[in-house]
file protein.txt (compact mmCIF, N, CA and C atoms)
# COMPACT_ATOMS: atom_id res chain seq x y z
N MET A 1 103.18 252.27 -86.77
CA MET A 1 104.31 251.37 -86.67
C MET A 1 105.42 252.06 -85.86
N ARG A 2 105.90 251.40 -84.83
CA ARG A 2 106.95 251.99 -84.01
C ARG A 2 108.28 251.91 -84.74
N PRO A 3 109.16 252.87 -84.47
CA PRO A 3 110.48 252.85 -85.11
C PRO A 3 111.23 251.57 -84.74
N ALA A 4 112.04 251.07 -85.67
CA ALA A 4 112.87 249.90 -85.39
C ALA A 4 113.87 250.26 -84.30
N ARG A 5 114.14 249.29 -83.45
CA ARG A 5 115.07 249.46 -82.34
C ARG A 5 116.30 248.62 -82.62
N LEU A 6 117.46 249.29 -82.73
CA LEU A 6 118.69 248.61 -83.09
C LEU A 6 119.76 248.77 -82.03
N VAL A 7 120.50 247.69 -81.82
CA VAL A 7 121.75 247.74 -81.07
C VAL A 7 122.84 247.48 -82.10
N VAL A 8 123.73 248.43 -82.25
CA VAL A 8 124.80 248.33 -83.24
C VAL A 8 126.09 247.99 -82.51
N ASP A 9 126.70 246.88 -82.92
CA ASP A 9 127.92 246.40 -82.29
C ASP A 9 129.06 247.39 -82.55
N THR A 10 130.03 247.38 -81.67
CA THR A 10 131.16 248.31 -81.75
C THR A 10 131.89 248.21 -83.07
N ASN A 11 132.07 247.01 -83.61
CA ASN A 11 132.82 246.88 -84.86
C ASN A 11 132.12 247.62 -86.00
N VAL A 12 130.82 247.62 -86.01
CA VAL A 12 130.07 248.34 -87.05
C VAL A 12 130.15 249.85 -86.81
N LEU A 13 130.06 250.26 -85.56
CA LEU A 13 130.15 251.69 -85.24
C LEU A 13 131.51 252.26 -85.63
N VAL A 14 132.57 251.55 -85.30
CA VAL A 14 133.91 252.03 -85.62
C VAL A 14 134.07 252.14 -87.13
N SER A 15 133.62 251.15 -87.85
CA SER A 15 133.68 251.19 -89.31
C SER A 15 132.88 252.37 -89.85
N ALA A 16 131.69 252.59 -89.31
CA ALA A 16 130.85 253.70 -89.75
C ALA A 16 131.52 255.04 -89.48
N MET A 17 132.11 255.18 -88.32
CA MET A 17 132.71 256.46 -87.93
C MET A 17 134.00 256.77 -88.67
N LEU A 18 134.78 255.73 -88.95
CA LEU A 18 136.11 255.96 -89.54
C LEU A 18 136.15 255.79 -91.05
N TRP A 19 135.36 254.89 -91.59
CA TRP A 19 135.48 254.59 -93.01
C TRP A 19 134.16 254.73 -93.77
N ARG A 20 133.10 255.09 -93.09
CA ARG A 20 131.76 255.27 -93.68
C ARG A 20 131.25 253.97 -94.27
N GLY A 21 131.31 253.79 -95.58
CA GLY A 21 130.88 252.55 -96.23
C GLY A 21 129.46 252.15 -95.86
N VAL A 22 129.18 250.87 -95.93
CA VAL A 22 127.85 250.35 -95.61
C VAL A 22 127.46 250.67 -94.16
N PRO A 23 128.36 250.46 -93.18
CA PRO A 23 127.98 250.84 -91.82
C PRO A 23 127.63 252.33 -91.69
N GLY A 24 128.34 253.17 -92.40
CA GLY A 24 128.03 254.60 -92.39
C GLY A 24 126.65 254.88 -92.97
N GLN A 25 126.29 254.12 -94.01
CA GLN A 25 124.96 254.25 -94.59
C GLN A 25 123.89 253.87 -93.58
N LEU A 26 124.18 252.85 -92.78
CA LEU A 26 123.23 252.41 -91.75
C LEU A 26 122.97 253.54 -90.75
N LEU A 27 124.03 254.17 -90.27
CA LEU A 27 123.84 255.27 -89.31
C LEU A 27 123.10 256.43 -89.94
N ALA A 28 123.37 256.71 -91.21
CA ALA A 28 122.66 257.78 -91.90
C ALA A 28 121.18 257.43 -92.03
N LEU A 29 120.88 256.19 -92.37
CA LEU A 29 119.48 255.76 -92.46
C LEU A 29 118.79 255.86 -91.11
N ALA A 30 119.52 255.49 -90.07
CA ALA A 30 118.94 255.57 -88.72
C ALA A 30 118.56 257.01 -88.42
N ASP A 31 119.42 257.93 -88.81
CA ASP A 31 119.15 259.35 -88.56
C ASP A 31 117.98 259.84 -89.41
N GLU A 32 117.94 259.44 -90.66
CA GLU A 32 116.91 259.91 -91.59
C GLU A 32 115.54 259.30 -91.33
N HIS A 33 115.51 258.09 -90.87
CA HIS A 33 114.24 257.37 -90.76
C HIS A 33 113.77 257.17 -89.32
N GLY A 34 114.38 257.86 -88.40
CA GLY A 34 113.89 257.79 -87.03
C GLY A 34 114.08 256.44 -86.37
N ILE A 35 115.03 255.68 -86.84
CA ILE A 35 115.33 254.40 -86.21
C ILE A 35 115.98 254.69 -84.86
N ARG A 36 115.61 253.94 -83.87
CA ARG A 36 116.13 254.18 -82.52
C ARG A 36 117.35 253.31 -82.27
N LEU A 37 118.43 253.93 -81.89
CA LEU A 37 119.67 253.23 -81.56
C LEU A 37 119.80 253.14 -80.06
N TYR A 38 120.29 252.00 -79.59
CA TYR A 38 120.44 251.77 -78.16
C TYR A 38 121.86 251.30 -77.85
N THR A 39 122.32 251.67 -76.69
CA THR A 39 123.64 251.26 -76.23
C THR A 39 123.61 251.10 -74.72
N SER A 40 124.70 250.59 -74.20
CA SER A 40 124.85 250.42 -72.75
C SER A 40 126.18 251.02 -72.32
N ARG A 41 126.37 251.16 -71.05
CA ARG A 41 127.64 251.68 -70.52
C ARG A 41 128.80 250.80 -70.99
N VAL A 42 128.64 249.49 -70.93
CA VAL A 42 129.71 248.57 -71.35
C VAL A 42 130.05 248.80 -72.82
N LEU A 43 129.04 248.95 -73.67
CA LEU A 43 129.30 249.14 -75.10
C LEU A 43 129.92 250.51 -75.38
N LEU A 44 129.50 251.54 -74.65
CA LEU A 44 130.12 252.86 -74.81
C LEU A 44 131.59 252.82 -74.37
N ASP A 45 131.86 252.13 -73.28
CA ASP A 45 133.25 252.00 -72.81
C ASP A 45 134.10 251.26 -73.85
N GLU A 46 133.52 250.22 -74.45
CA GLU A 46 134.25 249.48 -75.48
C GLU A 46 134.52 250.38 -76.69
N LEU A 47 133.52 251.15 -77.12
CA LEU A 47 133.70 252.08 -78.24
C LEU A 47 134.82 253.07 -77.92
N HIS A 48 134.81 253.62 -76.73
CA HIS A 48 135.85 254.54 -76.29
C HIS A 48 137.22 253.88 -76.36
N ASP A 49 137.33 252.67 -75.81
CA ASP A 49 138.62 251.97 -75.80
C ASP A 49 139.12 251.68 -77.21
N VAL A 50 138.24 251.22 -78.09
CA VAL A 50 138.64 250.88 -79.46
C VAL A 50 139.09 252.13 -80.20
N LEU A 51 138.33 253.21 -80.11
CA LEU A 51 138.68 254.44 -80.83
C LEU A 51 139.97 255.08 -80.32
N HIS A 52 140.39 254.73 -79.11
CA HIS A 52 141.63 255.26 -78.55
C HIS A 52 142.83 254.34 -78.79
N ARG A 53 142.66 253.27 -79.52
CA ARG A 53 143.79 252.38 -79.81
C ARG A 53 144.79 253.10 -80.71
N PRO A 54 146.08 252.94 -80.41
CA PRO A 54 147.10 253.63 -81.21
C PRO A 54 147.00 253.35 -82.71
N ARG A 55 146.65 252.15 -83.10
CA ARG A 55 146.59 251.83 -84.53
C ARG A 55 145.44 252.55 -85.25
N LEU A 56 144.50 253.11 -84.49
CA LEU A 56 143.40 253.86 -85.11
C LEU A 56 143.61 255.38 -85.02
N ALA A 57 144.76 255.81 -84.50
CA ALA A 57 145.00 257.24 -84.32
C ALA A 57 144.90 258.01 -85.64
N LYS A 58 145.50 257.49 -86.71
CA LYS A 58 145.45 258.20 -87.99
C LYS A 58 144.05 258.22 -88.58
N PRO A 59 143.34 257.08 -88.63
CA PRO A 59 141.96 257.14 -89.15
C PRO A 59 141.05 258.05 -88.32
N VAL A 60 141.24 258.07 -87.01
CA VAL A 60 140.43 258.97 -86.16
C VAL A 60 140.77 260.42 -86.51
N ALA A 61 142.05 260.74 -86.60
CA ALA A 61 142.46 262.11 -86.91
C ALA A 61 141.93 262.54 -88.28
N ALA A 62 141.88 261.61 -89.23
CA ALA A 62 141.42 261.93 -90.59
C ALA A 62 139.94 262.34 -90.62
N THR A 63 139.18 261.99 -89.59
CA THR A 63 137.77 262.37 -89.55
C THR A 63 137.59 263.85 -89.19
N GLY A 64 138.62 264.44 -88.59
CA GLY A 64 138.50 265.82 -88.13
C GLY A 64 137.87 265.93 -86.75
N HIS A 65 137.60 264.78 -86.14
CA HIS A 65 137.04 264.74 -84.79
C HIS A 65 137.93 263.88 -83.91
N SER A 66 137.88 264.14 -82.63
CA SER A 66 138.64 263.29 -81.70
C SER A 66 137.81 262.05 -81.38
N ALA A 67 138.47 261.06 -80.85
CA ALA A 67 137.77 259.84 -80.43
C ALA A 67 136.72 260.20 -79.38
N ASP A 68 137.06 261.08 -78.46
CA ASP A 68 136.10 261.47 -77.43
C ASP A 68 134.88 262.16 -78.04
N GLN A 69 135.08 262.98 -79.06
CA GLN A 69 133.96 263.64 -79.72
C GLN A 69 133.05 262.62 -80.41
N MET A 70 133.65 261.61 -81.02
CA MET A 70 132.85 260.60 -81.70
C MET A 70 132.02 259.80 -80.69
N VAL A 71 132.62 259.44 -79.58
CA VAL A 71 131.87 258.71 -78.55
C VAL A 71 130.76 259.59 -77.99
N ALA A 72 131.06 260.84 -77.73
CA ALA A 72 130.04 261.77 -77.20
C ALA A 72 128.89 261.94 -78.18
N HIS A 73 129.21 262.03 -79.46
CA HIS A 73 128.14 262.15 -80.47
C HIS A 73 127.27 260.90 -80.46
N TYR A 74 127.89 259.74 -80.43
CA TYR A 74 127.09 258.52 -80.42
C TYR A 74 126.24 258.44 -79.15
N ARG A 75 126.79 258.87 -78.05
CA ARG A 75 126.02 258.88 -76.79
C ARG A 75 124.80 259.77 -76.91
N ARG A 76 124.91 260.86 -77.67
CA ARG A 76 123.78 261.77 -77.85
C ARG A 76 122.69 261.17 -78.74
N ILE A 77 123.07 260.38 -79.74
CA ILE A 77 122.07 259.87 -80.67
C ILE A 77 121.51 258.50 -80.27
N ALA A 78 122.19 257.82 -79.36
CA ALA A 78 121.73 256.50 -78.91
C ALA A 78 121.14 256.60 -77.51
N THR A 79 120.14 255.80 -77.26
CA THR A 79 119.53 255.75 -75.94
C THR A 79 120.30 254.77 -75.06
N LEU A 80 120.68 255.22 -73.90
CA LEU A 80 121.44 254.39 -72.96
C LEU A 80 120.47 253.54 -72.15
N VAL A 81 120.70 252.23 -72.15
CA VAL A 81 119.88 251.33 -71.35
C VAL A 81 120.74 250.70 -70.26
N ASN A 82 120.08 250.26 -69.23
CA ASN A 82 120.74 249.58 -68.12
C ASN A 82 120.71 248.08 -68.41
N ALA A 83 121.78 247.59 -69.02
CA ALA A 83 121.84 246.18 -69.42
C ALA A 83 122.46 245.35 -68.29
N HIS A 84 121.80 244.27 -67.97
CA HIS A 84 122.30 243.35 -66.95
C HIS A 84 123.00 242.17 -67.62
N ARG A 85 123.99 241.63 -66.95
CA ARG A 85 124.67 240.45 -67.48
C ARG A 85 123.68 239.34 -67.76
N LEU A 86 123.96 238.58 -68.80
CA LEU A 86 123.12 237.42 -69.11
C LEU A 86 123.34 236.36 -68.04
N ALA A 87 122.32 235.58 -67.79
CA ALA A 87 122.39 234.56 -66.73
C ALA A 87 123.46 233.52 -67.02
N ALA A 88 123.66 233.22 -68.30
CA ALA A 88 124.67 232.23 -68.70
C ALA A 88 125.31 232.70 -70.00
N PRO A 89 126.55 232.31 -70.25
CA PRO A 89 127.20 232.70 -71.50
C PRO A 89 126.42 232.19 -72.72
N VAL A 90 126.39 233.01 -73.77
CA VAL A 90 125.65 232.65 -74.98
C VAL A 90 126.59 232.56 -76.18
N SER A 91 127.39 233.59 -76.38
CA SER A 91 128.25 233.68 -77.55
C SER A 91 129.53 232.87 -77.36
N ARG A 92 130.13 232.48 -78.47
CA ARG A 92 131.43 231.80 -78.40
C ARG A 92 132.47 232.70 -77.75
N ASP A 93 132.34 234.01 -77.95
CA ASP A 93 133.20 235.00 -77.31
C ASP A 93 132.34 235.70 -76.27
N THR A 94 132.54 235.37 -75.02
CA THR A 94 131.65 235.87 -73.97
C THR A 94 131.66 237.40 -73.86
N ASP A 95 132.67 238.07 -74.40
CA ASP A 95 132.65 239.54 -74.42
C ASP A 95 131.47 240.04 -75.26
N ASP A 96 131.07 239.26 -76.25
CA ASP A 96 129.95 239.64 -77.11
C ASP A 96 128.60 239.55 -76.41
N ASP A 97 128.57 238.89 -75.27
CA ASP A 97 127.32 238.79 -74.52
C ASP A 97 126.82 240.16 -74.06
N ALA A 98 127.73 241.14 -73.96
CA ALA A 98 127.32 242.50 -73.59
C ALA A 98 126.41 243.10 -74.66
N VAL A 99 126.65 242.76 -75.91
CA VAL A 99 125.80 243.24 -77.01
C VAL A 99 124.40 242.63 -76.86
N LEU A 100 124.37 241.34 -76.59
CA LEU A 100 123.08 240.65 -76.42
C LEU A 100 122.33 241.19 -75.20
N ALA A 101 123.05 241.43 -74.12
CA ALA A 101 122.42 241.96 -72.91
C ALA A 101 121.82 243.34 -73.18
N CYS A 102 122.53 244.16 -73.93
CA CYS A 102 122.02 245.47 -74.30
C CYS A 102 120.76 245.33 -75.15
N ALA A 103 120.79 244.41 -76.10
CA ALA A 103 119.64 244.21 -76.98
C ALA A 103 118.41 243.76 -76.19
N VAL A 104 118.60 242.90 -75.22
CA VAL A 104 117.48 242.45 -74.38
C VAL A 104 116.94 243.63 -73.59
N ALA A 105 117.83 244.40 -72.97
CA ALA A 105 117.39 245.55 -72.16
C ALA A 105 116.66 246.59 -73.02
N ALA A 106 117.09 246.73 -74.26
CA ALA A 106 116.49 247.72 -75.16
C ALA A 106 115.23 247.20 -75.84
N GLN A 107 114.94 245.93 -75.66
CA GLN A 107 113.84 245.29 -76.40
C GLN A 107 114.04 245.55 -77.89
N ALA A 108 115.27 245.31 -78.33
CA ALA A 108 115.67 245.59 -79.71
C ALA A 108 115.00 244.65 -80.69
N ASP A 109 114.86 245.15 -81.91
CA ASP A 109 114.39 244.32 -83.01
C ASP A 109 115.57 243.63 -83.69
N LEU A 110 116.70 244.35 -83.74
CA LEU A 110 117.87 243.85 -84.44
C LEU A 110 119.15 244.15 -83.68
N VAL A 111 120.09 243.22 -83.76
CA VAL A 111 121.48 243.47 -83.41
C VAL A 111 122.21 243.52 -84.74
N VAL A 112 122.96 244.59 -84.95
CA VAL A 112 123.70 244.76 -86.19
C VAL A 112 125.18 244.61 -85.87
N THR A 113 125.81 243.65 -86.54
CA THR A 113 127.19 243.31 -86.23
C THR A 113 127.90 242.76 -87.46
N GLY A 114 129.20 242.79 -87.39
CA GLY A 114 130.03 242.12 -88.38
C GLY A 114 130.79 240.98 -87.74
N ASP A 115 130.49 240.70 -86.50
CA ASP A 115 131.19 239.70 -85.69
C ASP A 115 130.60 238.32 -85.92
N ASP A 116 131.42 237.41 -86.46
CA ASP A 116 130.94 236.05 -86.73
C ASP A 116 130.47 235.32 -85.48
N ASP A 117 131.06 235.65 -84.33
CA ASP A 117 130.64 234.99 -83.08
C ASP A 117 129.20 235.33 -82.72
N LEU A 118 128.73 236.49 -83.15
CA LEU A 118 127.33 236.85 -82.96
C LEU A 118 126.47 236.43 -84.15
N LEU A 119 126.98 236.64 -85.35
CA LEU A 119 126.20 236.32 -86.55
C LEU A 119 125.82 234.84 -86.60
N VAL A 120 126.69 233.98 -86.11
CA VAL A 120 126.41 232.54 -86.14
C VAL A 120 125.17 232.20 -85.29
N LEU A 121 124.86 233.02 -84.32
CA LEU A 121 123.68 232.78 -83.48
C LEU A 121 122.38 233.02 -84.26
N ARG A 122 122.42 233.98 -85.18
CA ARG A 122 121.30 234.39 -86.02
C ARG A 122 120.14 235.04 -85.26
N ARG A 123 119.91 234.63 -84.03
CA ARG A 123 118.80 235.16 -83.24
C ARG A 123 119.08 234.87 -81.77
N TYR A 124 118.66 235.81 -80.93
CA TYR A 124 118.75 235.59 -79.50
C TYR A 124 117.55 236.29 -78.86
N ALA A 125 116.81 235.58 -78.06
CA ALA A 125 115.65 236.13 -77.34
C ALA A 125 114.72 236.87 -78.31
N ASP A 126 114.43 236.26 -79.43
CA ASP A 126 113.57 236.84 -80.46
C ASP A 126 114.12 238.12 -81.09
N ILE A 127 115.41 238.32 -80.97
CA ILE A 127 116.08 239.48 -81.58
C ILE A 127 116.98 238.94 -82.68
N GLU A 128 116.73 239.40 -83.90
CA GLU A 128 117.52 238.93 -85.03
C GLU A 128 118.90 239.59 -85.02
N ILE A 129 119.91 238.81 -85.41
CA ILE A 129 121.29 239.28 -85.44
C ILE A 129 121.74 239.25 -86.91
N ILE A 130 122.00 240.45 -87.46
CA ILE A 130 122.28 240.56 -88.90
C ILE A 130 123.42 241.54 -89.17
N THR A 131 123.89 241.53 -90.41
CA THR A 131 124.94 242.45 -90.84
C THR A 131 124.36 243.84 -91.11
N ALA A 132 125.26 244.80 -91.28
CA ALA A 132 124.83 246.17 -91.61
C ALA A 132 124.11 246.19 -92.96
N ALA A 133 124.62 245.45 -93.94
CA ALA A 133 123.98 245.43 -95.26
C ALA A 133 122.57 244.85 -95.17
N ALA A 134 122.40 243.79 -94.40
CA ALA A 134 121.07 243.19 -94.24
C ALA A 134 120.14 244.14 -93.50
N ALA A 135 120.67 244.87 -92.53
CA ALA A 135 119.85 245.84 -91.79
C ALA A 135 119.38 246.96 -92.70
N ILE A 136 120.28 247.44 -93.56
CA ILE A 136 119.90 248.50 -94.50
C ILE A 136 118.78 248.01 -95.41
N ALA A 137 118.94 246.81 -95.94
CA ALA A 137 117.89 246.25 -96.81
C ALA A 137 116.57 246.13 -96.07
N ARG A 138 116.62 245.67 -94.83
CA ARG A 138 115.41 245.52 -94.02
C ARG A 138 114.74 246.86 -93.79
N ILE A 139 115.53 247.88 -93.45
CA ILE A 139 114.99 249.21 -93.19
C ILE A 139 114.35 249.79 -94.45
N ARG A 140 115.04 249.68 -95.56
CA ARG A 140 114.52 250.21 -96.82
C ARG A 140 113.23 249.49 -97.23
N ASN A 141 113.20 248.18 -97.09
CA ASN A 141 112.01 247.42 -97.43
C ASN A 141 110.84 247.79 -96.54
N ALA A 142 111.11 247.97 -95.25
CA ALA A 142 110.04 248.34 -94.31
C ALA A 142 109.47 249.70 -94.68
N ARG A 143 110.35 250.64 -95.07
CA ARG A 143 109.90 251.98 -95.44
C ARG A 143 109.06 251.96 -96.71
N GLN A 144 109.44 251.10 -97.66
CA GLN A 144 108.70 251.01 -98.92
C GLN A 144 107.34 250.35 -98.71
N SER A 145 107.27 249.44 -97.75
CA SER A 145 106.01 248.74 -97.47
C SER A 145 105.05 249.61 -96.69
N ALA A 146 105.59 250.59 -95.95
CA ALA A 146 104.75 251.41 -95.08
C ALA A 146 103.94 252.42 -95.85
call {"tool": "encode", "arguments": {"input": "protein.txt", "output": "structure tokens"}}
result
Amino acid sequence: MRPARLVVDTNVLVSAMLWRGVPGQLLALADEHGIRLYTSRVLLDELHDVLHRPRLAKPVAATGHSADQMVAHYRRIATLVNAHRLAAPVSRDTDDDAVLACAVAAQADLVVTGDDDLLVLRRYADIEIITAAAAIARIRNARQSA
């Protein structure tokens, strides 16, 4: 069985990096269970921009790492794919189409997000779109079945 291939949306990554919680558990499971994480240049740039927002300066500092260090770490653990723009807009928020484009390029099994504009789609190009909690349950169930 090949490792699950995940594209994790920026909102989940930021939550995982700054506040741990369920998104943090997802990244830990990915590390422990050999799940493959994928990203694109657009998504890395978005992560960089979000982590450098002034309102996140204190939570970033509380981690003991800089925003640049967090982005660099994620770049090391995620595989960078060359994602092309979608032929036509899909999401209600067209900025979210970059997540879908990355998932298509990565041949992902799951898109993990907390964004309602993506979650409402439920699936795109045979790629399921789910929350971090649902992804954790899916990963744990797959491991128990294997």
call {"tool": "residues_around", "arguments": {"input": "protein.txt", "residues": "region 49-53 of chain A", "least_positions_apart": "3", "cutoff": "9 Å", "atoms": "only C-alpha atoms", "output": "list of chain:residue names"}}
result
A:Thr10, A:Asn11, A:Val14, A:Leu44, A:Asp45, A:Glu46, A:Leu56, A:Ala57, A:Val60, A:Ser66, A:Ala67, A:Asp68, A:Met70, A:Val71
call {"tool": "write_last_selection", "arguments": {"input": "protein.txt", "atoms": "N, CA and C atoms", "output": "PDB file, in the frame of the given file"}}
result
ATOM      1  N   THR A  10     130.030 247.380 -81.670  1.00  0.00           N
ATOM      2  CA  THR A  10     131.160 248.310 -81.750  1.00  0.00           C
ATOM      3  C   THR A  10     131.890 248.210 -83.070  1.00  0.00           C
ATOM      4  N   ASN A  11     132.070 247.010 -83.610  1.00  0.00           N
ATOM      5  CA  ASN A  11     132.820 246.880 -84.860  1.00  0.00           C
ATOM      6  C   ASN A  11     132.120 247.620 -86.000  1.00  0.00           C
ATOM      7  N   VAL A  14     132.570 251.550 -85.300  1.00  0.00           N
ATOM      8  CA  VAL A  14     133.910 252.030 -85.620  1.00  0.00           C
ATOM      9  C   VAL A  14     134.070 252.140 -87.130  1.00  0.00           C
ATOM     10  N   LEU A  44     129.500 251.540 -74.650  1.00  0.00           N
ATOM     11  CA  LEU A  44     130.120 252.860 -74.810  1.00  0.00           C
ATOM     12  C   LEU A  44     131.590 252.820 -74.370  1.00  0.00           C
ATOM     13  N   ASP A  45     131.860 252.130 -73.280  1.00  0.00           N
ATOM     14  CA  ASP A  45     133.250 252.000 -72.810  1.00  0.00           C
ATOM     15  C   ASP A  45     134.100 251.260 -73.850  1.00  0.00           C
ATOM     16  N   GLU A  46     133.520 250.220 -74.450  1.00  0.00           N
ATOM     17  CA  GLU A  46     134.250 249.480 -75.480  1.00  0.00           C
ATOM     18  C   GLU A  46     134.520 250.380 -76.690  1.00  0.00           C
ATOM     19  N   LEU A  56     144.500 253.110 -84.490  1.00  0.00           N
ATOM     20  CA  LEU A  56     143.400 253.860 -85.110  1.00  0.00           C
ATOM     21  C   LEU A  56     143.610 255.380 -85.020  1.00  0.00           C
ATOM     22  N   ALA A  57     144.760 255.810 -84.500  1.00  0.00           N
ATOM     23  CA  ALA A  57     145.000 257.240 -84.320  1.00  0.00           C
ATOM     24  C   ALA A  57     144.900 258.010 -85.640  1.00  0.00           C
ATOM     25  N   VAL A  60     141.240 258.070 -87.010  1.00  0.00           N
ATOM     26  CA  VAL A  60     140.430 258.970 -86.160  1.00  0.00           C
ATOM     27  C   VAL A  60     140.770 260.420 -86.510  1.00  0.00           C
ATOM     28  N   SER A  66     137.880 264.140 -82.630  1.00  0.00           N
ATOM     29  CA  SER A  66     138.640 263.290 -81.700  1.00  0.00           C
ATOM     30  C   SER A  66     137.810 262.050 -81.380  1.00  0.00           C
ATOM     31  N   ALA A  67     138.470 261.060 -80.850  1.00  0.00           N
ATOM     32  CA  ALA A  67     137.770 259.840 -80.430  1.00  0.00           C
ATOM     33  C   ALA A  67     136.720 260.200 -79.380  1.00  0.00           C
ATOM     34  N   ASP A  68     137.060 261.080 -78.460  1.00  0.00           N
ATOM     35  CA  ASP A  68     136.100 261.470 -77.430  1.00  0.00           C
ATOM     36  C   ASP A  68     134.880 262.160 -78.040  1.00  0.00           C
ATOM     37  N   MET A  70     133.650 261.610 -81.020  1.00  0.00           N
ATOM     38  CA  MET A  70     132.850 260.600 -81.700  1.00  0.00           C
ATOM     39  C   MET A  70     132.020 259.800 -80.690  1.00  0.00           C
ATOM     40  N   VAL A  71     132.620 259.440 -79.580  1.00  0.00           N
ATOM     41  CA  VAL A  71     131.870 258.710 -78.550  1.00  0.00           C
ATOM     42  C   VAL A  71     130.760 259.590 -77.990  1.00  0.00           C
TER      43      VAL A  71
END
call {"tool": "select_by_dssp", "arguments": {"input": "protein.txt", "residues": "chain A", "states": "helix (DSSP H, G or I)", "output": "NGL selection string"}}
result
:A and (10-19 or 21-32 or 41-51 or 54-62 or 67-77 or 94-106 or 116-119 or 132-145)
call {"tool": "atom_distance", "arguments": {"input": "protein.txt", "atom1": "atom C of Ile77 (chain A)", "atom2": "atom C of Arg36 (chain A)"}}
result
6.9 Å
call {"tool": "closest_residue", "arguments": {"input": "protein.txt", "among": "A:Ala105, A:Ala72, A:Ile129, A:Val99", "to": "Leu43 (chain A)", "atoms": "all atoms listed in the file"}}
result
A:Val99
call {"tool": "residues_near_point", "arguments": {"input": "protein.txt", "point": "(124.9, 235.0, -69.6)", "cutoff": "12 Å", "atoms": "only C-alpha atoms", "output": "JSON, numbers by chain"}}
result
{"A": [83, 84, 85, 86, 87, 88, 89, 90, 91, 92, 93, 94, 95, 96, 97, 98, 99, 100, 101, 102, 104, 124]}
call {"tool": "write_last_selection", "arguments": {"input": "protein.txt", "atoms": "N, CA and C atoms", "output": "short mmCIF file (atom, residue, chain, number, x, y, z; two decimals), in the frame of the given file"}}
result
data_model
loop_
_atom_site.label_atom_id
_atom_site.label_comp_id
_atom_site.auth_asym_id
_atom_site.auth_seq_id
_atom_site.Cartn_x
_atom_site.Cartn_y
_atom_site.Cartn_z
N ALA A 83 121.78 247.59 -69.02
CA ALA A 83 121.84 246.18 -69.42
C ALA A 83 122.46 245.35 -68.29
N HIS A 84 121.80 244.27 -67.97
CA HIS A 84 122.30 243.35 -66.95
C HIS A 84 123.00 242.17 -67.62
N ARG A 85 123.99 241.63 -66.95
CA ARG A 85 124.67 240.45 -67.48
C ARG A 85 123.68 239.34 -67.76
N LEU A 86 123.96 238.58 -68.80
CA LEU A 86 123.12 237.42 -69.11
C LEU A 86 123.34 236.36 -68.04
N ALA A 87 122.32 235.58 -67.79
CA ALA A 87 122.39 234.56 -66.73
C ALA A 87 123.46 233.52 -67.02
N ALA A 88 123.66 233.22 -68.30
CA ALA A 88 124.67 232.23 -68.70
C ALA A 88 125.31 232.70 -70.00
N PRO A 89 126.55 232.31 -70.25
CA PRO A 89 127.20 232.70 -71.50
C PRO A 89 126.42 232.19 -72.72
N VAL A 90 126.39 233.01 -73.77
CA VAL A 90 125.65 232.65 -74.98
C VAL A 90 126.59 232.56 -76.18
N SER A 91 127.39 233.59 -76.38
CA SER A 91 128.25 233.68 -77.55
C SER A 91 129.53 232.87 -77.36
N ARG A 92 130.13 232.48 -78.47
CA ARG A 92 131.43 231.80 -78.40
C ARG A 92 132.47 232.70 -77.75
N ASP A 93 132.34 234.01 -77.95
CA ASP A 93 133.20 235.00 -77.31
C ASP A 93 132.34 235.70 -76.27
N THR A 94 132.54 235.37 -75.02
CA THR A 94 131.65 235.87 -73.97
C THR A 94 131.66 237.40 -73.86
N ASP A 95 132.67 238.07 -74.40
CA ASP A 95 132.65 239.54 -74.42
C ASP A 95 131.47 240.04 -75.26
N ASP A 96 131.07 239.26 -76.25
CA ASP A 96 129.95 239.64 -77.11
C ASP A 96 128.60 239.55 -76.41
N ASP A 97 128.57 238.89 -75.27
CA ASP A 97 127.32 238.79 -74.52
C ASP A 97 126.82 240.16 -74.06
N ALA A 98 127.73 241.14 -73.96
CA ALA A 98 127.32 242.50 -73.59
C ALA A 98 126.41 243.10 -74.66
N VAL A 99 126.65 242.76 -75.91
CA VAL A 99 125.80 243.24 -77.01
C VAL A 99 124.40 242.63 -76.86
N LEU A 100 124.37 241.34 -76.59
CA LEU A 100 123.08 240.65 -76.42
C LEU A 100 122.33 241.19 -75.20
N ALA A 101 123.05 241.43 -74.12
CA ALA A 101 122.42 241.96 -72.91
C ALA A 101 121.82 243.34 -73.18
N CYS A 102 122.53 244.16 -73.93
CA CYS A 102 122.02 245.47 -74.30
C CYS A 102 120.76 245.33 -75.15
N VAL A 104 118.60 242.90 -75.22
CA VAL A 104 117.48 242.45 -74.38
C VAL A 104 116.94 243.63 -73.59
N TYR A 124 118.66 235.81 -80.93
CA TYR A 124 118.75 235.59 -79.50
C TYR A 124 117.55 236.29 -78.86
#
call {"tool": "residues_around", "arguments": {"input": "protein.txt", "residues": "Asp126 (chain A)", "least_positions_apart": "6", "cutoff": "10 Å", "atoms": "only C-alpha atoms", "output": "PyMOL selection string"}}
result
chain A and resi 104+107-110
call {"tool": "write_last_selection", "arguments": {"input": "protein.txt", "atoms": "N, CA and C atoms", "output": "CSV table (one decimal), keeping the file's coordinate frame"}}
result
chain,number,residue,atom,x,y,z
A,104,VAL,N,118.6,242.9,-75.2
A,104,VAL,CA,117.5,242.4,-74.4
A,104,VAL,C,116.9,243.6,-73.6
A,107,GLN,N,114.9,245.9,-75.7
A,107,GLN,CA,113.8,245.3,-76.4
A,107,GLN,C,114.0,245.6,-77.9
A,108,ALA,N,115.3,245.3,-78.3
A,108,ALA,CA,115.7,245.6,-79.7
A,108,ALA,C,115.0,244.6,-80.7
A,109,ASP,N,114.9,245.2,-81.9
A,109,ASP,CA,114.4,244.3,-83.0
A,109,ASP,C,115.6,243.6,-83.7
A,110,LEU,N,116.7,244.4,-83.7
A,110,LEU,CA,117.9,243.8,-84.4
A,110,LEU,C,119.2,244.2,-83.7
call {"tool": "closest_residue", "arguments": {"input": "protein.txt", "among": "A:Leu47, A:Val120, A:Leu37, A:Val42", "to": "Val7 (chain A)", "atoms": "all atoms listed in the file"}}
result
A:Leu37
call {"tool": "atom_distance", "arguments": {"input": "protein.txt", "atom1": "atom N of Leu26 (chain A)", "atom2": "CA of Arg41 (chain A)"}}
result
22.6 Å
